[in-house]
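Structure below is final.cif: mmCIF, C-alpha atoms.
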data_coords
#
loop_
_atom_site.label_atom_id
_atom_site.label_comp_id
_atom_site.auth_asym_id
_atom_site.auth_seq_id
_atom_site.Cartn_x
_atom_site.Cartn_y
_atom_site.Cartn_z
CA MET F 1 -109.12 -109.82 140.64
CA PRO F 2 -110.95 -106.88 139.00
CA LYS F 3 -111.93 -107.82 135.47
CA LEU F 4 -110.20 -104.84 133.85
CA LEU F 5 -106.91 -105.78 135.50
CA LEU F 6 -107.38 -109.37 134.42
CA MET F 7 -107.97 -108.22 130.84
CA PHE F 8 -104.85 -106.08 130.99
CA LEU F 9 -102.80 -109.05 132.20
CA GLU F 10 -104.23 -111.45 129.62
CA PHE F 11 -103.35 -109.06 126.82
CA PHE F 12 -99.95 -108.38 128.34
CA LYS F 13 -99.39 -112.14 128.11
CA THR F 14 -100.57 -112.14 124.49
CA GLY F 15 -98.20 -109.29 123.68
CA LEU F 16 -95.38 -111.16 125.36
CA PHE F 17 -95.87 -114.52 123.67
CA ALA F 18 -97.43 -113.81 120.27
CA VAL F 19 -94.37 -113.72 118.03
CA GLY F 20 -94.72 -112.70 114.38
CA GLY F 21 -97.27 -109.92 114.16
CA GLY F 22 -101.03 -109.40 114.20
CA LEU F 23 -102.19 -112.77 112.91
CA ALA F 24 -100.17 -114.50 115.62
CA THR F 25 -102.45 -112.93 118.23
CA ILE F 26 -105.60 -114.69 116.97
CA PRO F 27 -105.01 -118.09 118.65
CA PHE F 28 -104.43 -116.24 121.94
CA LEU F 29 -107.64 -114.27 121.54
CA ARG F 30 -109.55 -117.46 120.82
CA GLU F 31 -108.25 -118.99 124.02
CA ILE F 32 -109.09 -115.88 126.08
CA GLY F 33 -112.63 -115.89 124.70
CA VAL F 34 -113.11 -119.57 125.50
CA ARG F 35 -111.65 -119.31 129.00
CA TYR F 36 -113.38 -116.16 130.26
CA GLY F 37 -116.45 -115.89 128.03
CA TRP F 38 -115.88 -112.18 127.43
CA TYR F 39 -116.84 -112.70 123.81
CA THR F 40 -118.13 -115.57 121.70
CA MET F 41 -116.35 -117.04 118.68
CA SER F 42 -118.87 -115.28 116.47
CA ASP F 43 -117.99 -111.96 118.18
CA LEU F 44 -114.36 -112.81 117.51
CA SER F 45 -114.94 -113.26 113.80
CA THR F 46 -116.70 -109.87 113.70
CA MET F 47 -113.73 -108.37 115.54
CA ILE F 48 -111.30 -109.90 113.04
CA ALA F 49 -113.35 -108.57 110.12
CA VAL F 50 -113.50 -105.06 111.59
CA SER F 51 -109.80 -105.12 112.55
CA GLU F 52 -108.90 -106.07 109.01
CA SER F 53 -111.08 -103.37 107.50
CA THR F 54 -109.92 -100.46 109.67
CA PRO F 55 -106.53 -98.78 109.60
CA GLY F 56 -103.81 -99.69 112.07
CA PRO F 57 -101.94 -102.85 113.01
CA MET F 58 -104.39 -105.73 113.26
CA GLY F 59 -103.30 -106.98 116.69
CA VAL F 60 -103.75 -103.50 118.14
CA ASN F 61 -107.19 -103.17 116.55
CA MET F 62 -108.23 -106.50 118.04
CA ALA F 63 -107.10 -105.44 121.52
CA SER F 64 -108.92 -102.11 121.21
CA TYR F 65 -112.08 -103.93 120.14
CA VAL F 66 -112.03 -106.47 122.96
CA GLY F 67 -111.38 -103.74 125.53
CA PHE F 68 -114.14 -101.54 124.13
CA SER F 69 -116.66 -104.37 124.08
CA GLN F 70 -116.29 -104.78 127.84
CA TYR F 71 -115.46 -101.35 129.24
CA GLY F 72 -115.91 -98.75 126.52
CA VAL F 73 -113.12 -96.33 125.69
CA LEU F 74 -111.32 -96.93 129.00
CA GLY F 75 -111.23 -100.67 128.32
CA SER F 76 -110.00 -100.02 124.81
CA ILE F 77 -107.07 -97.97 126.15
CA ILE F 78 -106.15 -100.32 129.02
CA VAL F 79 -106.27 -103.52 126.95
CA THR F 80 -104.26 -101.95 124.09
CA LEU F 81 -101.62 -100.77 126.56
CA GLY F 82 -101.50 -104.31 127.94
CA LEU F 83 -100.79 -105.68 124.46
CA ILE F 84 -98.04 -103.20 123.57
CA LEU F 85 -96.27 -102.92 126.93
CA PRO F 86 -94.21 -106.14 126.50
CA SER F 87 -93.02 -104.95 123.06
CA LEU F 88 -92.08 -101.60 124.49
CA ILE F 89 -89.99 -103.19 127.24
CA VAL F 90 -88.40 -105.93 125.13
CA ILE F 91 -87.55 -103.63 122.19
CA CYS F 92 -86.06 -100.93 124.46
CA ILE F 93 -83.76 -103.57 125.96
CA ILE F 94 -82.78 -104.93 122.54
CA ALA F 95 -82.34 -101.42 121.09
CA ASN F 96 -80.01 -100.54 123.94
CA PHE F 97 -78.06 -103.76 123.45
CA LEU F 98 -77.90 -103.32 119.67
CA GLU F 99 -76.55 -99.79 120.01
CA LYS F 100 -73.56 -101.15 121.92
CA PHE F 101 -72.88 -104.12 119.69
CA LYS F 102 -73.89 -102.99 116.22
CA GLU F 103 -70.26 -102.48 115.22
CA ALA F 104 -69.34 -105.98 116.37
CA GLU F 105 -68.36 -108.17 113.44
CA LEU F 106 -70.66 -111.01 114.43
CA VAL F 107 -73.70 -108.71 114.57
CA GLN F 108 -72.81 -107.30 111.14
CA GLN F 109 -72.50 -110.80 109.72
CA ILE F 110 -75.86 -111.85 111.16
CA PHE F 111 -77.57 -108.80 109.65
CA ALA F 112 -75.89 -109.40 106.29
CA GLY F 113 -77.80 -112.69 106.21
CA LEU F 114 -81.03 -111.27 107.64
CA LYS F 115 -81.52 -108.44 105.16
CA PRO F 116 -82.15 -110.56 102.03
CA ALA F 117 -84.47 -112.78 104.10
CA VAL F 118 -86.53 -109.81 105.27
CA VAL F 119 -86.86 -108.68 101.63
CA ALA F 120 -88.19 -112.19 100.93
CA PHE F 121 -90.80 -111.95 103.72
CA ILE F 122 -91.98 -108.60 102.41
CA ALA F 123 -92.06 -110.04 98.87
CA VAL F 124 -94.27 -112.91 100.09
CA ALA F 125 -96.62 -110.45 101.83
CA THR F 126 -96.74 -108.48 98.56
CA ILE F 127 -97.51 -111.57 96.48
CA ASP F 128 -100.26 -112.52 98.95
CA ILE F 129 -102.01 -109.18 98.75
CA LEU F 130 -101.50 -109.02 94.98
CA VAL F 131 -103.15 -112.42 94.46
CA THR F 132 -105.98 -111.57 96.88
CA THR F 133 -106.61 -108.26 95.15
CA LEU F 134 -106.53 -109.50 91.56
CA PHE F 135 -107.88 -113.05 91.89
CA GLY F 136 -109.70 -113.21 95.24
CA ASP F 137 -107.63 -116.18 96.40
CA TYR F 138 -105.06 -118.79 95.32
CA THR F 139 -107.61 -120.81 93.34
CA PHE F 140 -107.34 -118.09 90.66
CA SER F 141 -110.98 -118.75 89.76
CA THR F 142 -111.94 -115.10 89.33
CA PHE F 143 -110.15 -112.15 87.81
CA HIS F 144 -110.91 -108.65 89.04
CA TRP F 145 -110.16 -106.71 85.88
CA LYS F 146 -111.19 -103.34 87.38
CA GLN F 147 -108.56 -103.76 90.07
CA PHE F 148 -106.01 -104.87 87.47
CA ILE F 149 -106.51 -101.72 85.39
CA CYS F 150 -106.42 -99.55 88.50
CA LEU F 151 -103.17 -101.20 89.66
CA PHE F 152 -101.62 -100.62 86.26
CA ILE F 153 -102.57 -96.95 86.33
CA LEU F 154 -101.32 -96.53 89.91
CA LEU F 155 -97.97 -98.13 89.08
CA ALA F 156 -97.55 -95.79 86.11
CA LEU F 157 -98.59 -92.81 88.24
CA SER F 158 -96.11 -93.71 90.97
CA LYS F 159 -93.27 -93.75 88.42
CA TYR F 160 -94.38 -90.36 87.16
CA LYS F 161 -94.86 -88.85 90.67
CA PRO F 162 -92.43 -90.79 92.88
CA LYS F 163 -92.38 -88.12 95.61
CA LEU F 164 -96.12 -88.18 96.26
CA HIS F 165 -97.00 -89.28 99.80
CA PRO F 166 -98.50 -92.83 99.98
CA ILE F 167 -101.48 -91.36 101.85
CA TRP F 168 -102.71 -89.71 98.63
CA PHE F 169 -102.61 -92.95 96.69
CA ILE F 170 -104.56 -94.68 99.48
CA VAL F 171 -107.22 -91.96 99.70
CA ALA F 172 -107.57 -91.72 95.91
CA SER F 173 -107.92 -95.45 95.44
CA ALA F 174 -110.53 -95.67 98.22
CA VAL F 175 -112.57 -93.14 96.27
CA VAL F 176 -112.00 -95.00 93.00
CA GLY F 177 -113.05 -98.24 94.73
CA ILE F 178 -116.32 -96.67 95.87
CA VAL F 179 -117.07 -94.93 92.55
CA PHE F 180 -116.42 -98.00 90.41
CA ALA F 181 -117.83 -100.47 92.95
CA PHE F 182 -114.72 -102.69 93.26
CA MET Z 1 -90.36 -82.11 123.87
CA LYS Z 2 -90.66 -81.00 120.26
CA LYS Z 3 -89.05 -84.24 119.16
CA LEU Z 4 -91.52 -86.28 121.23
CA ILE Z 5 -94.51 -84.50 119.70
CA GLN Z 6 -93.01 -84.97 116.24
CA LEU Z 7 -92.56 -88.69 116.89
CA TYR Z 8 -96.10 -89.04 118.23
CA VAL Z 9 -97.72 -87.15 115.35
CA SER Z 10 -95.69 -88.89 112.65
CA TRP Z 11 -96.46 -92.39 113.99
CA PHE Z 12 -100.10 -91.41 114.50
CA LYS Z 13 -100.22 -90.63 110.79
CA MET Z 14 -98.57 -93.93 109.90
CA GLY Z 15 -100.99 -95.86 112.12
CA LEU Z 16 -103.94 -94.03 110.59
CA PHE Z 17 -103.05 -94.87 107.00
CA THR Z 18 -101.75 -98.40 107.34
CA PHE Z 19 -104.17 -101.05 106.17
CA GLY Z 20 -103.20 -104.66 106.71
CA GLY Z 21 -100.49 -104.71 109.33
CA GLY Z 22 -96.74 -104.53 109.69
CA TYR Z 23 -95.40 -105.06 106.19
CA ALA Z 24 -98.02 -102.83 104.59
CA MET Z 25 -96.70 -100.02 106.78
CA LEU Z 26 -93.33 -100.12 105.02
CA PRO Z 27 -94.12 -97.64 102.20
CA MET Z 28 -95.33 -95.19 104.86
CA ILE Z 29 -92.16 -95.75 106.92
CA GLN Z 30 -90.01 -95.18 103.83
CA LYS Z 31 -91.74 -91.85 103.30
CA GLU Z 32 -92.00 -90.53 106.87
CA VAL Z 33 -89.11 -92.10 108.79
CA ILE Z 34 -86.48 -92.42 106.07
CA GLU Z 35 -87.15 -89.62 103.56
CA LYS Z 36 -88.90 -86.91 105.56
CA TYR Z 37 -87.36 -86.99 109.04
CA HIS Z 38 -84.20 -89.06 108.44
CA TRP Z 39 -84.79 -90.89 111.71
CA ALA Z 40 -83.30 -94.08 110.26
CA THR Z 41 -81.72 -95.38 107.08
CA GLU Z 42 -83.36 -98.03 104.94
CA ASP Z 43 -80.68 -100.41 106.17
CA GLU Z 44 -81.59 -99.82 109.80
CA VAL Z 45 -85.32 -100.22 109.16
CA MET Z 46 -84.58 -103.65 107.64
CA ASP Z 47 -82.68 -104.60 110.79
CA TYR Z 48 -85.61 -103.49 112.96
CA TYR Z 49 -88.03 -105.51 110.85
CA ALA Z 50 -85.85 -108.59 111.18
CA ILE Z 51 -85.72 -108.18 114.95
CA GLY Z 52 -89.42 -107.28 115.16
CA GLN Z 53 -90.14 -110.51 113.31
CA CYS Z 54 -88.66 -112.74 115.99
CA THR Z 55 -89.50 -110.73 119.10
CA PRO Z 56 -92.94 -110.80 120.65
CA GLY Z 57 -95.61 -108.31 119.73
CA VAL Z 58 -97.01 -106.55 116.71
CA ILE Z 59 -94.32 -105.73 114.11
CA ALA Z 60 -95.54 -102.18 113.48
CA VAL Z 61 -95.39 -101.48 117.22
CA ASN Z 62 -91.93 -103.00 117.54
CA THR Z 63 -90.64 -100.87 114.66
CA SER Z 64 -92.11 -97.68 116.15
CA THR Z 65 -90.53 -98.47 119.51
CA PHE Z 66 -87.12 -98.95 117.85
CA ILE Z 67 -87.23 -95.67 115.94
CA GLY Z 68 -88.56 -93.75 118.93
CA TYR Z 69 -85.93 -95.20 121.27
CA TYR Z 70 -83.02 -94.20 119.04
CA GLN Z 71 -84.41 -90.69 118.59
CA ALA Z 72 -85.20 -89.84 122.20
CA GLY Z 73 -84.56 -92.78 124.51
CA ILE Z 74 -87.38 -94.36 126.49
CA PRO Z 75 -89.65 -91.26 126.29
CA GLY Z 76 -89.19 -91.36 122.52
CA ALA Z 77 -90.05 -95.05 122.40
CA ILE Z 78 -93.21 -94.39 124.40
CA ALA Z 79 -94.22 -91.38 122.27
CA ALA Z 80 -93.80 -93.24 118.97
CA THR Z 81 -95.55 -96.37 120.22
CA LEU Z 82 -98.51 -94.47 121.68
CA GLY Z 83 -98.70 -92.55 118.40
CA VAL Z 84 -99.02 -95.68 116.30
CA VAL Z 85 -101.80 -97.19 118.46
CA THR Z 86 -103.91 -94.06 119.13
CA PRO Z 87 -105.73 -94.11 115.75
CA SER Z 88 -106.71 -97.74 116.36
CA ILE Z 89 -108.19 -96.94 119.76
CA ILE Z 90 -110.16 -93.97 118.42
CA ILE Z 91 -111.41 -95.63 115.23
CA ILE Z 92 -112.27 -98.97 116.80
CA SER Z 93 -114.10 -97.26 119.67
CA ILE Z 94 -116.19 -95.27 117.20
CA ILE Z 95 -116.93 -98.24 114.98
CA ALA Z 96 -117.56 -100.76 117.74
CA GLY Z 97 -119.78 -98.23 119.50
CA LEU Z 98 -121.77 -96.95 116.54
CA ILE Z 99 -121.56 -99.03 113.41
CA THR Z 100 -121.81 -102.65 114.42
CA ASN Z 101 -122.30 -103.86 110.84
CA PHE Z 102 -119.34 -101.76 109.64
CA SER Z 103 -117.35 -104.41 107.82
CA SER Z 104 -120.37 -105.72 105.91
CA LEU Z 105 -121.38 -102.31 104.52
CA ALA Z 106 -121.07 -102.23 100.74
CA ILE Z 107 -119.38 -98.82 100.68
CA VAL Z 108 -116.75 -100.02 103.17
CA GLN Z 109 -116.07 -103.12 101.10
CA HIS Z 110 -115.67 -101.07 97.91
CA ALA Z 111 -113.37 -98.57 99.61
CA LEU Z 112 -111.25 -101.38 101.09
CA ASN Z 113 -111.01 -103.16 97.75
CA GLY Z 114 -109.81 -99.87 96.29
CA ILE Z 115 -107.32 -99.29 99.10
CA ARG Z 116 -105.96 -102.80 98.62
CA VAL Z 117 -104.98 -101.90 95.05
CA ALA Z 118 -103.00 -98.90 96.32
CA VAL Z 119 -101.36 -101.08 98.97
CA CYS Z 120 -100.36 -103.54 96.20
CA MET Z 121 -98.75 -100.77 94.18
CA LEU Z 122 -96.98 -99.30 97.21
CA MET Z 123 -95.65 -102.69 98.28
CA ILE Z 124 -94.49 -103.68 94.78
CA ASN Z 125 -92.48 -100.45 94.62
CA ALA Z 126 -91.18 -100.97 98.17
CA VAL Z 127 -90.02 -104.53 97.45
CA LEU Z 128 -88.25 -103.51 94.22
CA LYS Z 129 -86.47 -100.70 96.04
CA LEU Z 130 -85.54 -102.89 99.00
CA GLY Z 131 -84.34 -105.67 96.72
CA LYS Z 132 -82.02 -103.27 94.95
CA GLY Z 133 -80.65 -101.98 98.24
CA ASN Z 134 -80.32 -105.23 100.15
CA ILE Z 135 -79.53 -107.99 97.68
CA LYS Z 136 -76.12 -107.04 96.39
CA ASN Z 137 -74.52 -110.33 95.35
CA LYS Z 138 -75.23 -113.95 94.44
CA ILE Z 139 -75.18 -115.19 98.03
CA GLY Z 140 -77.60 -112.47 99.02
CA PHE Z 141 -79.88 -113.54 96.20
CA LEU Z 142 -79.56 -117.18 97.27
CA ILE Z 143 -80.65 -116.33 100.84
CA PHE Z 144 -83.52 -114.26 99.42
CA ALA Z 145 -84.65 -117.08 97.12
CA VAL Z 146 -84.48 -119.80 99.78
CA ALA Z 147 -86.33 -117.65 102.33
CA LEU Z 148 -88.96 -116.78 99.70
CA ILE Z 149 -89.58 -120.43 98.80
CA PHE Z 150 -89.81 -121.51 102.45
CA ALA Z 151 -92.08 -118.61 103.44
CA MET Z 152 -94.29 -119.11 100.40
CA PHE Z 153 -94.66 -122.88 100.19
CA THR Z 154 -93.98 -124.31 103.65
CA LYS Z 155 -95.32 -123.82 107.14
CA VAL Z 156 -91.85 -123.29 108.66
CA SER Z 157 -92.17 -120.43 111.14
CA THR Z 158 -90.72 -117.06 110.24
CA VAL Z 159 -88.76 -117.06 113.48
CA LEU Z 160 -86.85 -120.17 112.33
CA LEU Z 161 -86.25 -118.63 108.90
CA VAL Z 162 -84.84 -115.48 110.52
CA ILE Z 163 -82.53 -117.57 112.70
CA GLY Z 164 -81.47 -119.65 109.68
CA ALA Z 165 -80.75 -116.53 107.62
CA GLY Z 166 -78.68 -115.10 110.47
CA ILE Z 167 -76.62 -118.29 110.70
CA ALA Z 168 -76.20 -118.32 106.90
CA GLY Z 169 -75.01 -114.71 107.12
CA VAL Z 170 -72.32 -115.62 109.65
CA ILE Z 171 -71.15 -118.74 107.76
CA PHE Z 172 -70.99 -117.08 104.33
CA SER Z 173 -69.23 -114.05 105.82
CA ARG Z 174 -66.64 -116.23 107.57
CA ILE Z 175 -65.78 -118.11 104.37
CA GLY Z 176 -65.61 -114.76 102.60
CA TRP Z 177 -68.53 -115.17 100.19
CA LEU Z 178 -70.63 -112.44 101.72
CA LYS Z 179 -69.18 -109.00 102.32
CA LYS Z 180 -70.08 -106.99 105.38
CA ASN Z 181 -73.14 -104.77 104.98
CA ALA Z 182 -73.86 -106.36 101.62
#

Could you render the structure as structure tokens?
Amino acid sequence: MPKLLLMFLEFFKTGLFAVGGGLATIPFLREIGVRYGWYTMSDLSTMIAVSESTPGPMGVNMASYVGFSQYGVLGSIIVTLGLILPSLIVICIIANFLEKFKEAELVQQIFAGLKPAVVAFIAVATIDILVTTLFGDYTFSTFHWKQFICLFILLALSKYKPKLHPIWFIVASAVVGIVFAF
Amino acid sequence: MKKLIQLYVSWFKMGLFTFGGGYAMLPMIQKEVIEKYHWATEDEVMDYYAIGQCTPGVIAVNTSTFIGYYQAGIPGAIAATLGVVTPSIIIISIIAGLITNFSSLAIVQHALNGIRVAVCMLMINAVLKLGKGNIKNKIGFLIFAVALIFAMFTKVSTVLLVIGAGIAGVIFSRIGWLKKNA
């Protein structure tokens, strides 16, 4: 089988079986690397670092990187499409199904339970990033006071200018991070 | 056609300015999808997140597919999904091709540390807003608290938590403790 097709299929499989977002794809990528030797584990850790430090969903970044490393831009496109195609198919089916049944009492009851849980997941993600940003990790051994002050100012600013697009806060704080060497 | 371009461009923007994956995209979704284009209500986005959590694939991609599908059917789903992954393909191709030591550059680290502070602020505001909108009674708060504790302190998979919350929603609704849509 041509290697590009094989890569497409391997990432299609990853997209189909990795449930729970970007981080869930990492064990799959490890296995692909070991089985085919397209990249070493040290390449993989570079890919993870770059994927985390560039914009975009992490799983998608990883797929783009693996594809690019083998076949340039074409590989990047093909492998990324492989990863997202299962989502596209599965979600279209579910969306169609949900449209028909969203008024059903059972579906409403299920979602009534799901909503508070989803808020909890987002709260946990928020706590995680908050701890990482202010203390480095959960050992709480360091305290990044520059980040703390910046967060305080940003929170105040967001109350004062609630309509401002998030993009501006992100761009401004990137600049502040560079200027004050966060 | 105009709708498809709008979907593509808007999701391109969201992909370009999301650092850190699915949940970190939420503030951007609140701005673009909910406030600016009215493609979905906050309630619906929560439903999509819940489903995206227990279906395969990257959560950000799943959410874009959902929104796109309801706006313009399968072409809409494809437009939105391609929009959200295009920035990744472009940026990763540039970085993987040109700047191999990208993630270890000091300026990149400082910028990312800055961006992380903005992401913290945006997510704190998003969680507070979502909590207000989605936790409307004691049972809702109970589900939130239990899910938070499990997600924070145990290794129980999110998929199981979502299923558990759904079952709790049905049971509490049937015995009349949880109102519909609450």

**Request:** Can you give me, as an MDAnalysis selection string, the residues this file yields under the PyMOL selection byres ((chain Z and resi 33) around 12)?
**Result:** chainID Z and resid 6:7 9:11 13:14 25:32 34:42 44:45 63:64 66:68 71 80

**Request:** Just give me the gap between atom CA of Pro162 of chain F and atom CA of Leu122 of chain Z in Å, one decimal is fine.
**Result:** 10.6 Å

Translate the PyMOL selection byres ((chain F and resi 26-41) around 9), as applied to the file shown, into an explicit residue set as a short mmCIF file (atom, residue, chain, number, x, y, z; two decimals) with C-alpha atoms, in the frame of the given file.
data_model
loop_
_atom_site.label_atom_id
_atom_site.label_comp_id
_atom_site.auth_asym_id
_atom_site.auth_seq_id
_atom_site.Cartn_x
_atom_site.Cartn_y
_atom_site.Cartn_z
CA GLU F 10 -104.23 -111.45 129.62
CA PHE F 11 -103.35 -109.06 126.82
CA LYS F 13 -99.39 -112.14 128.11
CA THR F 14 -100.57 -112.14 124.49
CA PHE F 17 -95.87 -114.52 123.67
CA ALA F 18 -97.43 -113.81 120.27
CA GLY F 22 -101.03 -109.40 114.20
CA LEU F 23 -102.19 -112.77 112.91
CA ALA F 24 -100.17 -114.50 115.62
CA THR F 25 -102.45 -112.93 118.23
CA SER F 42 -118.87 -115.28 116.47
CA ASP F 43 -117.99 -111.96 118.18
CA LEU F 44 -114.36 -112.81 117.51
CA SER F 45 -114.94 -113.26 113.80
CA THR F 46 -116.70 -109.87 113.70
CA ILE F 48 -111.30 -109.90 113.04
CA GLY F 59 -103.30 -106.98 116.69
CA MET F 62 -108.23 -106.50 118.04
CA ALA F 63 -107.10 -105.44 121.52
CA VAL F 66 -112.03 -106.47 122.96
CA SER F 69 -116.66 -104.37 124.08
CA GLN F 70 -116.29 -104.78 127.84
#

**Asked** Hey, what's within 9 Å of Phe12 of chain Z if we count all atoms listed in the file and toss same-chain stuff fewer than 5 positions away? As a ChimeraX atom specification, please?
**Response** /Z:7,17,80-87

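Note that the spacing between atom CA of Pro116 of chain F and atom CA of Ser87 of chain F amounts to 24.3 Å.
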
As a compact mmCIF listing (two decimals), in the frame of the given file, please: segment 47-55 of chain F completed to all heavy atoms.
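Okay, this is what ended up in part_18.txt:
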# COMPACT_ATOMS: atom_id res chain seq x y z
N MET F 47 -114.87 -109.21 115.16
CA MET F 47 -113.73 -108.37 115.54
C MET F 47 -112.60 -108.48 114.52
O MET F 47 -111.97 -107.49 114.17
CB MET F 47 -113.20 -108.81 116.90
CG MET F 47 -114.11 -108.45 118.05
SD MET F 47 -113.45 -109.14 119.58
CE MET F 47 -114.81 -108.85 120.69
N ILE F 48 -112.36 -109.71 114.04
CA ILE F 48 -111.30 -109.90 113.04
C ILE F 48 -111.65 -109.14 111.76
O ILE F 48 -110.82 -108.43 111.20
CB ILE F 48 -111.07 -111.40 112.75
CG1 ILE F 48 -110.53 -112.10 114.00
CG2 ILE F 48 -110.09 -111.58 111.58
CD1 ILE F 48 -110.45 -113.61 113.88
N ALA F 49 -112.93 -109.26 111.34
CA ALA F 49 -113.35 -108.57 110.12
C ALA F 49 -113.18 -107.06 110.25
O ALA F 49 -112.65 -106.40 109.35
CB ALA F 49 -114.80 -108.90 109.79
N VAL F 50 -113.61 -106.51 111.38
CA VAL F 50 -113.50 -105.06 111.59
C VAL F 50 -112.02 -104.65 111.68
O VAL F 50 -111.60 -103.66 111.08
CB VAL F 50 -114.27 -104.60 112.85
CG1 VAL F 50 -113.98 -103.14 113.17
CG2 VAL F 50 -115.76 -104.81 112.67
N SER F 51 -111.23 -105.45 112.39
CA SER F 51 -109.80 -105.12 112.55
C SER F 51 -109.09 -105.12 111.21
O SER F 51 -108.15 -104.38 111.00
CB SER F 51 -109.12 -106.12 113.48
OG SER F 51 -109.72 -106.07 114.75
N GLU F 52 -109.54 -106.02 110.32
CA GLU F 52 -108.90 -106.07 109.01
C GLU F 52 -109.36 -104.93 108.12
O GLU F 52 -108.67 -104.54 107.20
CB GLU F 52 -109.22 -107.41 108.32
CG GLU F 52 -108.27 -108.50 108.77
CD GLU F 52 -108.61 -109.86 108.20
OE1 GLU F 52 -109.79 -110.06 107.83
OE2 GLU F 52 -107.71 -110.71 108.14
N SER F 53 -110.56 -104.40 108.39
CA SER F 53 -111.08 -103.37 107.50
C SER F 53 -110.92 -101.96 108.06
O SER F 53 -111.46 -101.02 107.49
CB SER F 53 -112.54 -103.66 107.12
OG SER F 53 -113.27 -104.01 108.25
N THR F 54 -110.21 -101.80 109.16
CA THR F 54 -109.92 -100.46 109.67
C THR F 54 -108.41 -100.27 109.67
O THR F 54 -107.66 -101.24 109.72
CB THR F 54 -110.46 -100.31 111.12
OG1 THR F 54 -110.11 -101.47 111.86
CG2 THR F 54 -111.94 -100.13 111.14
N PRO F 55 -107.98 -99.00 109.61
CA PRO F 55 -106.53 -98.78 109.60
C PRO F 55 -105.88 -99.19 110.91
O PRO F 55 -106.56 -99.33 111.92
CB PRO F 55 -106.41 -97.27 109.37
CG PRO F 55 -107.72 -96.70 109.77
CD PRO F 55 -108.73 -97.75 109.50
